[in-house]
$ cat entry25.pdb   # PDB, C-alpha atoms, pLDDT in the B column
ATOM      1  CA  MET N  27     106.944 -36.682 152.871  1.00 55.00           C
ATOM      2  CA  THR N  28     107.973 -33.439 151.221  1.00 73.00           C
ATOM      3  CA  LEU N  29     111.453 -32.400 150.230  1.00 71.00           C
ATOM      4  CA  ASP N  30     111.055 -28.685 150.932  1.00 74.00           C
ATOM      5  CA  GLY N  31     114.495 -27.257 151.603  1.00 74.00           C
ATOM      6  CA  LYS N  32     116.265 -30.575 151.118  1.00 83.00           C
ATOM      7  CA  LYS N  33     116.539 -30.998 147.340  1.00 84.00           C
ATOM      8  CA  THR N  34     119.746 -28.989 147.023  1.00 84.00           C
ATOM      9  CA  TYR N  35     121.394 -30.910 149.849  1.00 87.00           C
ATOM     10  CA  ILE N  36     120.377 -34.257 148.366  1.00 89.00           C
ATOM     11  CA  THR N  37     121.828 -33.215 145.014  1.00 90.00           C
ATOM     12  CA  ALA N  38     125.109 -32.194 146.697  1.00 90.00           C
ATOM     13  CA  VAL N  39     125.350 -35.510 148.557  1.00 93.00           C
ATOM     14  CA  VAL N  40     124.762 -37.504 145.360  1.00 93.00           C
ATOM     15  CA  ALA N  41     127.440 -35.423 143.599  1.00 93.00           C
ATOM     16  CA  ALA N  42     129.854 -36.213 146.437  1.00 95.00           C
ATOM     17  CA  LEU N  43     129.007 -39.911 146.125  1.00 96.00           C
ATOM     18  CA  ALA N  44     129.624 -39.750 142.375  1.00 95.00           C
ATOM     19  CA  SER N  45     133.024 -38.128 143.000  1.00 95.00           C
ATOM     20  CA  PHE N  46     133.848 -40.874 145.489  1.00 97.00           C
ATOM     21  CA  ALA N  47     132.782 -43.530 142.960  1.00 96.00           C
ATOM     22  CA  LEU N  48     135.049 -41.928 140.346  1.00 96.00           C
ATOM     23  CA  ALA N  49     137.970 -41.895 142.771  1.00 96.00           C
ATOM     24  CA  MET N  50     137.391 -45.567 143.604  1.00 96.00           C
ATOM     25  CA  GLY N  51     137.288 -46.474 139.923  1.00 95.00           C
ATOM     26  CA  TRP N  52     133.640 -47.574 139.983  1.00 96.00           C
ATOM     27  CA  LEU N  53     132.692 -44.954 137.352  1.00 94.00           C
ATOM     28  CA  SER N  54     134.506 -44.033 134.176  1.00 95.00           C
ATOM     29  CA  GLN N  55     135.163 -40.382 133.348  1.00 95.00           C
ATOM     30  CA  GLU N  56     132.369 -40.408 130.743  1.00 96.00           C
ATOM     31  CA  GLN N  57     129.857 -41.857 133.204  1.00 95.00           C
ATOM     32  CA  TYR N  58     130.915 -39.319 135.812  1.00 96.00           C
ATOM     33  CA  GLN N  59     130.375 -36.435 133.405  1.00 96.00           C
ATOM     34  CA  VAL N  60     126.884 -37.683 132.552  1.00 95.00           C
ATOM     35  CA  VAL N  61     126.001 -38.047 136.237  1.00 95.00           C
ATOM     36  CA  LEU N  62     127.304 -34.567 137.067  1.00 94.00           C
ATOM     37  CA  GLY N  63     125.436 -33.076 134.103  1.00 95.00           C
ATOM     38  CA  LEU N  64     122.186 -34.565 135.364  1.00 94.00           C
ATOM     39  CA  LEU N  65     122.913 -33.469 138.920  1.00 93.00           C
ATOM     40  CA  ALA N  66     123.681 -29.932 137.755  1.00 91.00           C
ATOM     41  CA  SER N  67     120.283 -29.806 136.066  1.00 92.00           C
ATOM     42  CA  LEU N  68     118.581 -31.069 139.205  1.00 89.00           C
ATOM     43  CA  GLY N  69     120.518 -28.585 141.327  1.00 88.00           C
ATOM     44  CA  LEU N  70     119.478 -25.671 139.132  1.00 89.00           C
ATOM     45  CA  ALA N  71     115.852 -26.825 139.226  1.00 88.00           C
ATOM     46  CA  ALA N  72     116.010 -26.999 143.032  1.00 85.00           C
ATOM     47  CA  LEU N  73     117.571 -23.543 143.147  1.00 84.00           C
ATOM     48  CA  ARG N  74     114.865 -22.123 140.899  1.00 85.00           C
ATOM     49  CA  SER N  75     112.211 -23.712 143.106  1.00 81.00           C
ATOM     50  CA  GLY N  76     113.748 -22.078 146.168  1.00 80.00           C
ATOM     51  CA  VAL N  77     113.972 -18.683 144.502  1.00 79.00           C
ATOM     52  CA  ALA N  78     110.339 -18.909 143.424  1.00 78.00           C
ATOM     53  CA  LYS N  79     109.335 -19.432 147.060  1.00 77.00           C
ATOM     54  CA  SER N  80     111.465 -16.580 148.386  1.00 74.00           C
ATOM     55  CA  PRO N  81     109.896 -13.572 150.158  1.00 75.00           C
ATOM     56  CA  THR N  82     111.107 -11.137 147.471  1.00 68.00           C
ATOM     57  CA  ASP N  83     108.494 -12.552 145.097  1.00 56.00           C
ATOM     58  CA  GLU N  84     105.827 -11.627 147.647  1.00 57.00           C
ATOM     59  CA  ILE N  85     107.211  -8.097 147.856  1.00 59.00           C
ATOM     60  CA  LYS N  86     107.078  -7.717 144.064  1.00 63.00           C
ATOM     61  CA  ALA N  87     103.501  -8.985 144.132  1.00 62.00           C
ATOM     62  CA  GLY N  88     102.488  -6.067 146.356  1.00 61.00           C
ATOM     63  CA  GLY N  89     103.230  -7.295 149.852  1.00 56.00           C
ATOM     64  CA  GLN N  90     105.089  -5.224 152.401  1.00 54.00           C
ATOM     65  CA  ASP N  91     108.565  -5.863 153.657  1.00 52.00           C
ATOM     66  CA  GLU N  92     108.980  -4.827 157.279  1.00 54.00           C
ATOM     67  CA  ALA N  93     112.557  -3.744 156.696  1.00 57.00           C
ATOM     68  CA  VAL N  94     111.541  -0.997 154.262  1.00 55.00           C
ATOM     69  CA  THR N  95     108.357   0.205 155.972  1.00 57.00           C
ATOM     70  CA  LEU N  96     108.825   3.873 156.836  1.00 56.00           C
ATOM     71  CA  VAL N  97     106.927   5.685 159.571  1.00 61.00           C
ATOM     72  CA  GLY N  98     105.599   9.223 159.290  1.00 63.00           C
ATOM     73  CA  GLY N  99     106.627   9.871 155.706  1.00 63.00           C
ATOM     74  CA  ALA N 100     110.343   9.529 156.465  1.00 61.00           C
ATOM     75  CA  LYS N 101     112.725   9.156 153.579  1.00 63.00           C
ATOM     76  CA  PRO N 102     115.242   6.320 153.474  1.00 60.00           C
ATOM     77  CA  ALA N 103     118.832   7.392 154.083  1.00 62.00           C
ATOM     78  CA  ALA N 104     121.536   6.147 151.768  1.00 58.00           C
ATOM     79  CA  GLY N 105     124.104   3.955 153.465  1.00 59.00           C
ATOM     80  CA  TYR N 106     126.882   5.197 151.213  1.00 59.00           C
ATOM     81  CA  SER N 107     127.911   8.273 149.233  1.00 60.00           C
ATOM     82  CA  VAL N 108     128.219   8.443 145.479  1.00 61.00           C
ATOM     83  CA  GLY N 109     130.604  10.822 143.798  1.00 60.00           C
ATOM     84  CA  ALA N 110     134.211  11.942 143.718  1.00 63.00           C
ATOM     85  CA  ASN N 111     134.125  13.539 147.198  1.00 61.00           C
ATOM     86  CA  GLY N 112     131.942  10.745 148.758  1.00 52.00           C
TER      87      GLY N 112
END
$ encode --input "entry25.pdb" --output "structure tokens"
Amino acid sequence: MTLDGKKTYITAVVAALASFALAMGWLSQEQYQVVLGLLASLGLAALRSGVAKSPTDEIKAGGQDEAVTLVGGAKPAAGYSVGANG
């Protein structure tokens, strides 16, 4: 069983459970802060894992993105104007 795409959600659910435990008085404030610190680290690790698997890394590695492929030597048009009169 792999956790692809689920690690961030699992971390969020555990954080919600920790908040519930704090509200019920099952955790002290110090314990809660430790748990949230660990969960924040896990959440950032899951986020980094997701970013590493994103398609933009493939584009930087030399792959093509269909959205920016131009036909016949066309130049991309800017979607906005820059300048005082723009």
$ atom_distance --input "entry25.pdb" --atom1 "CA of Val77 in chain N" --atom2 "CA of Lys33 in chain N"
12.9 Å
$ atom_distance --input "entry25.pdb" --atom1 "CA of Ser67 in chain N" --atom2 "CA of Leu53 in chain N"
19.6 Å
$ resolve_selection --input "entry25.pdb" --expression "the PyMOL selection byres ((chain N and resi 62) around 12)" --output "list in words"
Thr37, Ala38, Val39, Val40, Ala41, Ala42, Leu43, Ala44, Ser45, Leu48, Leu53, Gln55, Glu56, Gln57, Tyr58, Gln59, Val60, Val61, Gly63, Leu64, Leu65, Ala66, Ser67, Leu68 and Gly69 of chain N
$ atom_distance --input "entry25.pdb" --atom1 "CA of Asp30 in chain N" --atom2 "CA of Leu73 in chain N"
11.4 Å
